[in-house]
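Colleague: Sending over final.cif (mmCIF, C-alpha atoms and all ligand atoms).
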```cif
data_my_file
loop_
_atom_site.label_atom_id
_atom_site.label_comp_id
_atom_site.auth_asym_id
_atom_site.auth_seq_id
_atom_site.Cartn_x
_atom_site.Cartn_y
_atom_site.Cartn_z
CA MET Z 1 -4.28 14.83 -63.08
CA VAL Z 2 -2.47 12.18 -65.16
CA TYR Z 3 0.47 10.43 -63.58
CA SER Z 4 3.32 8.67 -65.27
CA ILE Z 5 3.93 5.17 -64.05
CA LYS Z 6 7.59 6.13 -64.13
CA ASP Z 7 6.87 7.68 -60.78
CA LYS Z 8 8.45 5.04 -58.55
CA LEU Z 9 6.03 5.51 -55.69
CA LEU Z 10 2.95 5.00 -57.86
CA LEU Z 11 4.54 2.00 -59.49
CA ASN Z 12 5.13 0.49 -56.07
CA PHE Z 13 1.54 1.25 -55.04
CA TYR Z 14 0.25 -0.56 -58.11
CA LYS Z 15 2.54 -3.54 -57.66
CA SER Z 16 1.66 -3.97 -54.02
CA MET Z 17 -2.11 -3.70 -54.58
CA TYR Z 18 -2.04 -6.05 -57.55
CA ARG Z 19 0.08 -8.52 -55.59
CA ILE Z 20 -2.20 -8.52 -52.55
CA ARG Z 21 -5.34 -8.87 -54.66
CA SER Z 22 -3.86 -11.66 -56.78
CA VAL Z 23 -2.69 -13.63 -53.74
CA GLU Z 24 -6.13 -13.32 -52.13
CA LEU Z 25 -7.93 -14.31 -55.34
CA GLU Z 26 -5.62 -17.29 -55.80
CA ILE Z 27 -6.40 -18.44 -52.26
CA SER Z 28 -10.09 -17.99 -53.05
CA LYS Z 29 -9.76 -19.94 -56.31
CA ARG Z 30 -7.95 -22.89 -54.76
CA TYR Z 31 -9.78 -22.99 -51.42
CA SER Z 32 -12.34 -25.60 -52.50
CA GLU Z 33 -9.51 -28.09 -53.17
CA GLY Z 34 -9.57 -28.65 -49.40
CA LYS Z 35 -5.81 -28.31 -48.96
CA MET Z 36 -6.03 -25.09 -46.97
CA ARG Z 37 -7.71 -26.41 -43.85
CA CYS Z 38 -7.87 -23.18 -41.85
CA PRO Z 39 -10.52 -20.43 -42.16
CA VAL Z 40 -9.45 -17.53 -44.40
CA HIS Z 41 -10.52 -13.88 -44.09
CA LEU Z 42 -9.63 -12.23 -47.38
CA SER Z 43 -9.17 -8.53 -47.98
CA VAL Z 44 -10.06 -8.20 -51.66
CA GLY Z 45 -11.18 -4.57 -52.11
CA GLN Z 46 -9.15 -3.36 -49.12
CA GLU Z 47 -5.70 -3.27 -50.77
CA ALA Z 48 -4.97 0.48 -50.56
CA VAL Z 49 -4.23 0.73 -46.83
CA PRO Z 50 -1.66 -2.10 -46.59
CA SER Z 51 -0.02 -0.96 -49.85
CA ALA Z 52 0.38 2.67 -48.74
CA PHE Z 53 1.66 1.33 -45.42
CA SER Z 54 4.35 -0.72 -47.18
CA GLU Z 55 5.84 2.50 -48.61
CA ILE Z 56 6.04 4.20 -45.21
CA VAL Z 57 7.00 1.56 -42.68
CA SER Z 58 10.67 0.75 -42.00
CA LYS Z 59 11.89 -2.80 -41.60
CA ASN Z 60 12.78 -2.06 -38.01
CA ASP Z 61 9.28 -0.82 -37.10
CA PHE Z 62 6.78 -3.21 -35.55
CA ALA Z 63 3.38 -4.25 -36.89
CA VAL Z 64 0.57 -6.45 -35.61
CA SER Z 65 -2.78 -7.31 -37.14
CA SER Z 66 -6.01 -9.24 -36.82
CA HIS Z 67 -7.84 -12.23 -38.34
CA ARG Z 68 -7.78 -10.36 -41.70
CA GLY Z 69 -4.00 -10.02 -41.75
CA HIS Z 70 -2.54 -11.42 -45.00
CA ALA Z 71 -2.25 -7.98 -46.61
CA HIS Z 72 -0.63 -6.39 -43.55
CA TYR Z 73 1.89 -9.24 -43.32
CA LEU Z 74 2.80 -8.70 -46.98
CA GLY Z 75 2.83 -4.91 -46.57
CA LYS Z 76 5.35 -5.26 -43.75
CA GLY Z 77 7.61 -7.30 -46.01
CA GLY Z 78 6.60 -10.75 -44.74
CA ASN Z 79 7.68 -13.66 -46.90
CA LEU Z 80 4.99 -14.72 -49.40
CA LYS Z 81 6.16 -18.34 -49.72
CA THR Z 82 6.10 -18.97 -45.99
CA MET Z 83 2.71 -17.26 -45.68
CA ILE Z 84 1.13 -19.56 -48.25
CA ALA Z 85 2.89 -22.57 -46.68
CA GLU Z 86 1.42 -21.53 -43.33
CA ILE Z 87 -2.09 -21.43 -44.78
CA TYR Z 88 -1.43 -24.96 -46.13
CA GLY Z 89 -0.37 -26.04 -42.61
CA LYS Z 90 3.13 -26.94 -43.74
CA LYS Z 91 6.34 -27.17 -41.71
CA THR Z 92 7.90 -24.44 -43.87
CA GLY Z 93 5.15 -22.02 -42.90
CA CYS Z 94 5.96 -18.79 -41.08
CA SER Z 95 4.45 -20.29 -37.90
CA LYS Z 96 5.77 -23.79 -38.71
CA GLY Z 97 2.33 -24.85 -39.89
CA LYS Z 98 0.78 -24.53 -36.43
CA GLY Z 99 -0.98 -21.20 -36.81
CA GLY Z 100 -2.76 -20.97 -40.14
CA SER Z 101 -4.12 -17.86 -41.79
CA MET Z 102 -5.00 -16.04 -38.56
CA HIS Z 103 -1.64 -16.53 -36.81
CA LEU Z 104 0.98 -15.11 -39.12
CA ILE Z 105 4.31 -13.92 -37.86
CA ASP Z 106 7.63 -13.04 -39.44
CA LEU Z 107 10.16 -11.89 -36.86
CA SER Z 108 12.77 -11.27 -39.55
CA VAL Z 109 10.79 -8.18 -40.59
CA ASN Z 110 9.28 -7.34 -37.16
CA PHE Z 111 5.82 -8.48 -38.14
CA MET Z 112 4.99 -9.54 -34.61
CA GLY Z 113 1.78 -11.47 -35.08
CA THR Z 114 -1.89 -11.65 -35.94
CA SER Z 115 -4.68 -12.93 -33.76
CA ALA Z 116 -8.06 -14.59 -34.17
CA ILE Z 117 -9.44 -12.81 -31.11
CA VAL Z 118 -10.91 -9.45 -32.10
CA GLY Z 119 -8.94 -6.65 -30.41
CA ASN Z 120 -6.34 -9.04 -29.04
CA SER Z 121 -3.35 -7.66 -30.91
CA ILE Z 122 -4.08 -4.04 -29.90
CA PRO Z 123 -2.43 -4.27 -26.44
CA MET Z 124 0.42 -6.27 -28.00
CA GLY Z 125 1.09 -3.38 -30.36
CA VAL Z 126 0.96 -0.90 -27.49
CA GLY Z 127 3.44 -3.05 -25.53
CA LEU Z 128 5.76 -2.99 -28.54
CA GLY Z 129 5.44 0.80 -28.62
CA LEU Z 130 6.29 0.92 -24.91
CA SER Z 131 9.39 -1.21 -25.49
CA ALA Z 132 10.53 1.13 -28.29
CA LYS Z 133 10.06 4.16 -26.02
CA VAL Z 134 11.85 2.60 -23.05
CA LYS Z 135 14.76 1.44 -25.20
CA LYS Z 136 14.78 4.72 -27.20
CA THR Z 137 14.95 2.81 -30.49
CA LYS Z 138 12.88 5.24 -32.62
CA GLN Z 139 10.76 2.33 -33.82
CA VAL Z 140 7.05 2.89 -34.48
CA SER Z 141 4.44 0.26 -33.71
CA PHE Z 142 1.59 -0.06 -36.24
CA ILE Z 143 -1.62 -1.76 -35.14
CA PHE Z 144 -4.19 -2.88 -37.73
CA PHE Z 145 -7.75 -3.67 -36.71
CA GLY Z 146 -11.32 -3.40 -37.98
CA ASP Z 147 -14.30 -1.30 -36.89
CA GLY Z 148 -15.49 -4.29 -34.81
CA ALA Z 149 -12.43 -4.03 -32.55
CA ILE Z 150 -13.56 -0.55 -31.45
CA GLU Z 151 -16.30 -2.38 -29.54
CA GLU Z 152 -13.82 -4.33 -27.39
CA GLY Z 153 -12.94 -2.89 -23.98
CA VAL Z 154 -9.25 -3.54 -24.51
CA PHE Z 155 -9.19 -0.96 -27.30
CA TYR Z 156 -10.01 1.82 -24.80
CA GLU Z 157 -7.50 0.70 -22.17
CA SER Z 158 -4.81 0.41 -24.81
CA ILE Z 159 -5.30 3.74 -26.56
CA ASN Z 160 -5.70 5.52 -23.23
CA PHE Z 161 -2.39 4.10 -22.00
CA ALA Z 162 -0.63 4.86 -25.29
CA THR Z 163 -1.91 8.45 -25.15
CA LEU Z 164 -0.99 8.92 -21.49
CA LYS Z 165 2.55 7.63 -22.03
CA LYS Z 166 2.97 9.30 -25.46
CA LEU Z 167 3.90 5.99 -27.04
CA PRO Z 168 5.08 5.72 -30.66
CA VAL Z 169 2.01 3.88 -31.90
CA VAL Z 170 -0.11 4.32 -35.05
CA PHE Z 171 -3.58 2.83 -34.60
CA ILE Z 172 -5.03 1.94 -38.00
CA CYS Z 173 -8.75 1.23 -38.14
CA GLU Z 174 -9.92 -0.18 -41.48
CA ASN Z 175 -13.59 0.63 -41.21
CA ASN Z 176 -15.36 -1.66 -43.69
CA PHE Z 177 -18.69 -0.99 -41.95
CA TYR Z 178 -19.31 -4.62 -40.94
CA SER Z 179 -18.42 -6.97 -38.14
CA VAL Z 180 -19.25 -10.34 -39.74
CA TYR Z 181 -22.91 -9.78 -40.80
CA SER Z 182 -23.66 -6.85 -38.48
CA PRO Z 183 -23.50 -3.35 -39.95
CA LEU Z 184 -22.41 -0.44 -37.77
CA ALA Z 185 -26.06 0.66 -37.54
CA VAL Z 186 -26.95 -2.26 -35.24
CA ARG Z 187 -23.76 -1.97 -33.17
CA GLN Z 188 -23.25 1.70 -32.48
CA PRO Z 189 -25.59 4.67 -31.87
CA PRO Z 190 -26.78 6.56 -34.97
CA GLY Z 191 -24.56 9.36 -36.19
CA ARG Z 192 -21.49 8.32 -34.26
CA SER Z 193 -18.16 9.00 -35.94
CA ILE Z 194 -15.57 6.54 -34.63
CA SER Z 195 -12.69 8.96 -35.12
CA LYS Z 196 -14.56 11.80 -33.38
CA MET Z 197 -15.28 9.55 -30.43
CA VAL Z 198 -11.65 8.39 -30.24
CA LYS Z 199 -10.44 12.00 -30.40
CA GLY Z 200 -12.08 12.49 -27.01
CA ILE Z 201 -9.57 10.04 -25.51
CA GLY Z 202 -6.70 12.25 -26.61
CA PRO Z 203 -4.68 10.90 -29.53
CA LYS Z 204 -4.38 12.88 -32.72
CA VAL Z 205 -6.84 11.66 -35.32
CA LEU Z 206 -7.14 11.59 -39.11
CA LYS Z 207 -9.66 9.93 -41.40
CA CYS Z 208 -10.09 9.55 -45.15
CA ASP Z 209 -11.31 7.46 -48.07
CA GLY Z 210 -9.43 4.20 -47.56
CA ASN Z 211 -9.79 3.21 -51.22
CA ASP Z 212 -7.84 6.24 -52.44
CA ILE Z 213 -4.24 5.14 -52.01
CA ILE Z 214 -2.82 8.63 -52.42
CA SER Z 215 -4.94 10.05 -49.57
CA VAL Z 216 -4.17 7.03 -47.42
CA TYR Z 217 -0.47 7.47 -48.07
CA ASN Z 218 -0.52 11.20 -47.25
CA ASN Z 219 -2.38 10.68 -43.97
CA LEU Z 220 -0.32 7.70 -42.93
CA LYS Z 221 2.87 9.57 -43.71
CA LYS Z 222 1.81 12.63 -41.71
CA ALA Z 223 0.86 10.46 -38.73
CA THR Z 224 4.03 8.36 -38.84
CA THR Z 225 6.28 11.42 -39.08
CA GLU Z 226 4.63 12.95 -35.99
CA VAL Z 227 4.72 9.69 -34.05
CA ARG Z 228 8.39 9.14 -34.88
CA LYS Z 229 9.20 12.59 -33.47
CA GLY Z 230 7.94 11.36 -30.09
CA ASN Z 231 4.70 13.36 -30.11
CA GLY Z 232 2.50 10.47 -29.00
CA PRO Z 233 0.08 8.17 -30.84
CA PHE Z 234 -2.17 8.75 -33.85
CA PHE Z 235 -5.48 7.10 -34.65
CA LEU Z 236 -6.34 6.73 -38.34
CA GLU Z 237 -9.73 5.71 -39.70
CA PHE Z 238 -9.83 4.54 -43.31
CA PHE Z 239 -13.19 3.82 -44.93
CA THR Z 240 -13.16 0.77 -47.16
CA TYR Z 241 -15.19 -2.33 -48.08
CA ARG Z 242 -14.56 -6.05 -48.27
CA TRP Z 243 -15.80 -7.64 -51.48
CA LEU Z 244 -15.90 -11.30 -50.43
CA GLU Z 245 -17.70 -12.98 -47.56
CA HIS Z 246 -16.49 -12.32 -44.02
CA CYS Z 247 -14.74 -15.68 -43.82
CA GLY Z 248 -14.16 -17.82 -46.88
CA PRO Z 249 -13.62 -17.59 -50.62
CA ASN Z 250 -17.06 -16.63 -51.94
CA TYR Z 251 -19.17 -13.59 -52.75
CA ASP Z 252 -22.12 -13.38 -50.34
CA ASN Z 253 -24.34 -10.55 -51.52
CA ASN Z 254 -27.19 -13.02 -51.84
CA ILE Z 255 -27.56 -13.96 -48.17
CA GLY Z 256 -29.40 -10.87 -47.04
CA TYR Z 257 -27.20 -8.79 -44.76
CA ARG Z 258 -26.01 -6.39 -47.46
CA THR Z 259 -27.30 -5.44 -50.87
CA GLU Z 260 -25.93 -5.97 -54.35
CA ASP Z 261 -26.41 -2.22 -54.86
CA GLU Z 262 -24.15 -1.35 -51.95
CA PHE Z 263 -21.53 -3.78 -53.21
CA ARG Z 264 -21.64 -2.28 -56.73
CA LYS Z 265 -21.26 1.22 -55.32
CA TRP Z 266 -18.07 0.17 -53.57
CA LYS Z 267 -16.81 -1.80 -56.54
CA LYS Z 268 -16.82 1.46 -58.47
CA LYS Z 269 -14.36 2.71 -55.88
CA ASP Z 270 -11.96 -0.19 -56.59
CA PRO Z 271 -8.61 1.12 -55.30
CA ILE Z 272 -6.63 -0.55 -58.10
CA ASN Z 273 -8.76 0.72 -60.98
CA ARG Z 274 -8.76 4.18 -59.49
CA LEU Z 275 -4.98 4.26 -59.53
CA VAL Z 276 -4.65 2.69 -62.98
CA LYS Z 277 -6.96 5.34 -64.45
CA LYS Z 278 -4.49 7.98 -63.36
CA PHE Z 279 -1.63 6.55 -65.41
CA ASP Z 280 -0.77 7.78 -68.88
CA ASN Z 281 -1.11 5.47 -71.92
CA LYS Z 282 2.58 4.72 -72.08
CA SER Z 283 2.35 3.02 -68.71
CA TYR Z 284 0.34 -0.02 -69.78
CA ASN Z 285 3.30 -2.10 -70.97
CA GLN Z 286 4.93 -1.56 -67.65
CA ILE Z 287 1.78 -2.66 -65.85
CA LYS Z 288 1.68 -5.85 -67.89
CA LYS Z 289 5.30 -6.52 -66.98
CA ILE Z 290 4.53 -6.11 -63.28
CA ASN Z 291 1.53 -8.41 -63.58
CA ARG Z 292 3.61 -11.12 -65.21
CA SER Z 293 6.31 -11.05 -62.56
CA VAL Z 294 3.77 -11.02 -59.70
CA ASN Z 295 1.82 -13.91 -61.24
CA LYS Z 296 5.03 -15.92 -61.47
CA GLU Z 297 5.95 -15.16 -57.87
CA ILE Z 298 2.50 -16.27 -56.69
CA LYS Z 299 2.62 -19.51 -58.64
CA GLU Z 300 6.02 -20.26 -57.13
CA ALA Z 301 4.69 -19.58 -53.63
CA PHE Z 302 1.81 -22.04 -54.08
CA ASP Z 303 4.16 -24.64 -55.59
CA PHE Z 304 6.45 -24.20 -52.58
CA ALA Z 305 3.53 -24.69 -50.19
CA GLU Z 306 2.20 -27.73 -52.04
CA LYS Z 307 5.61 -29.42 -52.13
CA SER Z 308 6.52 -28.68 -48.50
CA PRO Z 309 6.11 -31.42 -45.84
CA PHE Z 310 3.62 -31.30 -42.98
CA PRO Z 311 5.13 -30.89 -39.50
CA HIS Z 312 5.83 -34.18 -37.72
CA GLN Z 313 3.64 -35.17 -34.78
CA SER Z 314 6.69 -35.01 -32.51
CA GLU Z 315 6.93 -31.25 -33.17
CA ALA Z 316 3.42 -30.52 -31.89
CA TYR Z 317 4.50 -29.18 -28.49
CA LYS Z 318 7.75 -27.56 -29.58
CA GLY Z 319 7.88 -23.76 -29.62
CA VAL Z 320 7.45 -22.00 -32.94
CA TYR Z 321 10.28 -19.50 -32.38
CA ALA Z 322 12.67 -21.59 -30.27
C1 LIG D 401 -13.40 -11.34 -28.89
C2 LIG D 401 -14.03 -11.87 -30.12
N1 LIG D 401 -15.35 -11.70 -30.32
C3 LIG D 401 -15.94 -12.18 -31.45
C4 LIG D 401 -15.20 -12.86 -32.37
C5 LIG D 401 -15.85 -13.36 -33.67
N2 LIG D 401 -15.42 -12.51 -34.77
C6 LIG D 401 -14.42 -12.87 -35.59
S1 LIG D 401 -14.08 -11.71 -36.74
C7 LIG D 401 -15.29 -10.71 -36.18
C8 LIG D 401 -15.61 -9.40 -36.88
C9 LIG D 401 -14.65 -8.35 -36.61
O1 LIG D 401 -15.00 -7.24 -37.40
P1 LIG D 401 -13.94 -6.12 -37.68
O2 LIG D 401 -13.10 -5.91 -36.48
O3 LIG D 401 -14.70 -4.97 -38.19
O4 LIG D 401 -13.01 -6.74 -38.79
P2 LIG D 401 -13.38 -7.19 -40.28
O5 LIG D 401 -13.73 -8.65 -40.20
O6 LIG D 401 -14.50 -6.36 -40.76
O7 LIG D 401 -12.13 -6.99 -41.05
C10 LIG D 401 -15.95 -11.27 -35.08
C11 LIG D 401 -17.05 -10.65 -34.35
C12 LIG D 401 -13.83 -13.04 -32.11
N3 LIG D 401 -13.03 -13.69 -32.98
N4 LIG D 401 -13.25 -12.52 -31.00
MG MG D 402 -15.21 -4.49 -40.12
#
```
In structure tokens, how does this file's structure come out?
Ligand SMILES: Cc1ncc(C[n+]2csc(CCOP(=O)(O)OP(=O)(O)O)c2C)c(N)n1
Ligand SMILES: [Mg+2]

Modeller:
Amino acid sequence: MVYSIKDKLLLNFYKSMYRIRSVELEISKRYSEGKMRCPVHLSVGQEAVPSAFSEIVSKNDFAVSSHRGHAHYLGKGGNLKTMIAEIYGKKTGCSKGKGGSMHLIDLSVNFMGTSAIVGNSIPMGVGLGLSAKVKKTKQVSFIFFGDGAIEEGVFYESINFATLKKLPVVFICENNFYSVYSPLAVRQPPGRSISKMVKGIGPKVLKCDGNDIISVYNNLKKATTEVRKGNGPFFLEFFTYRWLEHCGPNYDNNIGYRTEDEFRKWKKKDPINRLVKKFDNKSYNQIKKINRSVNKEIKEAFDFAEKSPFPHQSEAYKGVYA
């Protein structure tokens, strides 16, 4: 099937994925300058899930994420300039320069935080779902985490409680098959399907190719619609792959924990190329236009971060949100 880029939804998918990838690659390119002093976990290759999410979530909904959270912050409508300033440790950063890449927050769009501790934001997201239910606000709480977080005890307590109380929570597992350098094969018994296992706890469950933005969108939409009706939580498993090293700006296929072959297989499933191939020929000018405007926006965000001041020592113990 050939799509026209005039389709607004597909246009938005492309723009969001291109924007996320370009921001991540720009961070990667500039990282060796030594001005970004925090660790960075980039999500190049994993752009489809946050971009489909951005077309479904409402501003009023909540979202939380993990150490690999830049894309989710942007998908929720977080401010790009203040995100880059945060990574540069500047006073104008979304966490006033005190958090860095793994502690992003933008309360103006209900992006409620990311955490360096694996699994840590899962109970936060459930608590936000509980607040929405108690206050009858119709908000949905979206929780992003990786396959590694399934191995934390808090995941089970949280999803059990959310299921029991029928909370408006969408659990989104981006299964990229690795926790740092450990593949699933050395962490979980052979043949286990994460979503099948989670189904036993009681939430409704869906899974699909997480590099096919149209499938991701359809599943996420179905889940969110059900959850918003008050029918209890959903667990979604999206299969995807990170292209760069676990933490840092480089490719790491040479260090022995994964093969170049595996990487190439996933690169063929590049979520951006897969979408672009579906567009008709007339769409290419429009794509170029989008690229130009995104590139400009990214340059401005880095300029803003570079020019911003560092926080003063006297601010060290002041609250970020006070
Ligand atoms: C409780 C805890 N244990 C271990 C770590 C070290 N650690 C940081 S990221 C990470 C991998 C998490 O893998 P996953 O949840 O699959 O996310 P991905 O990095 O693949 O996106 C680990 C083990 C940590 N930060 N917190
Ligand atoms: Mg993982």

Colleague: Determine the nearest neighbour of ligand MG 402 (chain D) from the options Z:Gly248, Z:Gly93, Z:Gly230, Z:Pro183, counting all atoms listed in the file.

Modeller: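 Of the candidates, the smallest distance to ligand MG 402 (chain D) is held by Z:Pro183.
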
Colleague: At most 7 Å is the cut-off: for each residue in chain Z with any atom that close to an atom of ligand LIG 401 (chain D), write down the nearest atom pair and the distance in Å rounded to one decimal, counting only C-alpha atoms and all ligand atoms, chain first then increasing number, as JSON lines.

Modeller:
```
{"residue": "Z:His67", "atom": "CA", "partner": "D:LIG401", "partner_atom": "S1", "distance": 6.5}
{"residue": "Z:Arg68", "atom": "CA", "partner": "D:LIG401", "partner_atom": "O7", "distance": 5.5}
{"residue": "Z:Ala116", "atom": "CA", "partner": "D:LIG401", "partner_atom": "N3", "distance": 5.2}
{"residue": "Z:Ile117", "atom": "CA", "partner": "D:LIG401", "partner_atom": "N4", "distance": 3.8}
{"residue": "Z:Val118", "atom": "CA", "partner": "D:LIG401", "partner_atom": "N4", "distance": 4.0}
{"residue": "Z:Gly119", "atom": "CA", "partner": "D:LIG401", "partner_atom": "C1", "distance": 6.6}
{"residue": "Z:Phe145", "atom": "CA", "partner": "D:LIG401", "partner_atom": "O2", "distance": 5.8}
{"residue": "Z:Gly146", "atom": "CA", "partner": "D:LIG401", "partner_atom": "O2", "distance": 3.4}
{"residue": "Z:Asp147", "atom": "CA", "partner": "D:LIG401", "partner_atom": "O3", "distance": 3.9}
{"residue": "Z:Gly148", "atom": "CA", "partner": "D:LIG401", "partner_atom": "O2", "distance": 3.3}
{"residue": "Z:Ala149", "atom": "CA", "partner": "D:LIG401", "partner_atom": "O2", "distance": 4.4}
{"residue": "Z:Asn175", "atom": "CA", "partner": "D:LIG401", "partner_atom": "O3", "distance": 6.5}
{"residue": "Z:Asn176", "atom": "CA", "partner": "D:LIG401", "partner_atom": "O6", "distance": 5.6}
{"residue": "Z:Phe177", "atom": "CA", "partner": "D:LIG401", "partner_atom": "O3", "distance": 6.8}
{"residue": "Z:Tyr178", "atom": "CA", "partner": "D:LIG401", "partner_atom": "O6", "distance": 5.1}
{"residue": "Z:Ser179", "atom": "CA", "partner": "D:LIG401", "partner_atom": "O1", "distance": 3.5}
{"residue": "Z:Val180", "atom": "CA", "partner": "D:LIG401", "partner_atom": "C8", "distance": 4.7}
{"residue": "Z:His246", "atom": "CA", "partner": "D:LIG401", "partner_atom": "O5", "distance": 6.0}
```

Colleague: Restricting the output to C-alpha atoms, write the selected residues as a short mmCIF file (atom, residue, chain, number, x, y, z; two decimals), in the frame of the given file.

Modeller:
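Generated file (again25.cif):
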```
data_model
loop_
_atom_site.label_atom_id
_atom_site.label_comp_id
_atom_site.auth_asym_id
_atom_site.auth_seq_id
_atom_site.Cartn_x
_atom_site.Cartn_y
_atom_site.Cartn_z
CA HIS Z 67 -7.84 -12.23 -38.34
CA ARG Z 68 -7.78 -10.36 -41.70
CA ALA Z 116 -8.06 -14.59 -34.17
CA ILE Z 117 -9.44 -12.81 -31.11
CA VAL Z 118 -10.91 -9.45 -32.10
CA GLY Z 119 -8.94 -6.65 -30.41
CA PHE Z 145 -7.75 -3.67 -36.71
CA GLY Z 146 -11.32 -3.40 -37.98
CA ASP Z 147 -14.30 -1.30 -36.89
CA GLY Z 148 -15.49 -4.29 -34.81
CA ALA Z 149 -12.43 -4.03 -32.55
CA ASN Z 175 -13.59 0.63 -41.21
CA ASN Z 176 -15.36 -1.66 -43.69
CA PHE Z 177 -18.69 -0.99 -41.95
CA TYR Z 178 -19.31 -4.62 -40.94
CA SER Z 179 -18.42 -6.97 -38.14
CA VAL Z 180 -19.25 -10.34 -39.74
CA HIS Z 246 -16.49 -12.32 -44.02
#
```

Colleague: Restricting the calculation to all atoms listed in the file, which member of Z:Met112, Z:Ile172, Z:Ile287, Z:Ala305 is positioned closest to Phe239 (chain Z)?

Modeller: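 Between Z:Met112, Z:Ile172, Z:Ile287, Z:Ala305, the residue approaching Phe239 (chain Z) most closely is Z:Ile172.
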
Colleague: Restricting the calculation to all atoms listed in the file: of Z:Lys229, Z:Arg242, Z:Lys288, Z:Lys265, which residue gets closest to ligand MG 402 (chain D)?

Modeller: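 Selected residue with least distance to ligand MG 402 (chain D): Z:Arg242.
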
Colleague: Pick out the closest residue to Ile290 (chain Z) from this set: Z:Lys91, Z:Lys8, Z:Lys138, Z:Lys15. Count all atoms listed in the file.

Modeller: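 Comparing Z:Lys91, Z:Lys8, Z:Lys138, Z:Lys15 against Ile290 (chain Z), the winner is Z:Lys15.
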
Colleague: List every protein, DNA or RNA residue that has at least one atom no more than 7 Å from (3.3, 0.1, -31.9) in the file's coordinates, counting all atoms listed in the file, and write the result as a list of chain:residue names.

Modeller: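 Here is the list of nearby residues: Z:Phe62, Z:Ala63, Z:Gly125, Z:Val126, Z:Leu128, Z:Gly129, Z:Val140, Z:Ser141, Z:Phe142, Z:Ile143, Z:Pro168, Z:Val169, Z:Val170.
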
Colleague: So what do you get for CA of Ser193 (chain Z) versus CA of Cys173 (chain Z), distance-wise?

Modeller: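 Distance reported for this atom pair: 12.4 Å.
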
Colleague: Give the answer as one residue: which of Z:Phe304, Z:Gly75, Z:Pro249, Z:Arg37 has the shortest atom-to-atom distance to Gly99 (chain Z), using all atoms listed in the file?

Modeller: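 Ranking Z:Phe304, Z:Gly75, Z:Pro249, Z:Arg37 by distance to Gly99 (chain Z), first place goes to Z:Arg37.
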
Colleague: What is the CA of Ile201 (chain Z)-CA of Phe111 (chain Z) distance in Å, reported with one decimal?

Modeller: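 CA of Phe111 (chain Z) lies at a distance of 27.2 Å from CA of Ile201 (chain Z).
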
Colleague: Pick out the residues sitting within 7 Å of region 23-29 of chain Z, and hand them over as a list in words; count all atoms listed in the file, and ignore anything fewer than 6 positions along from it in its own chain.

Modeller: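 Counting only the stated atoms, we get Leu42, Val44, Pro249 and Ile298 of chain Z.
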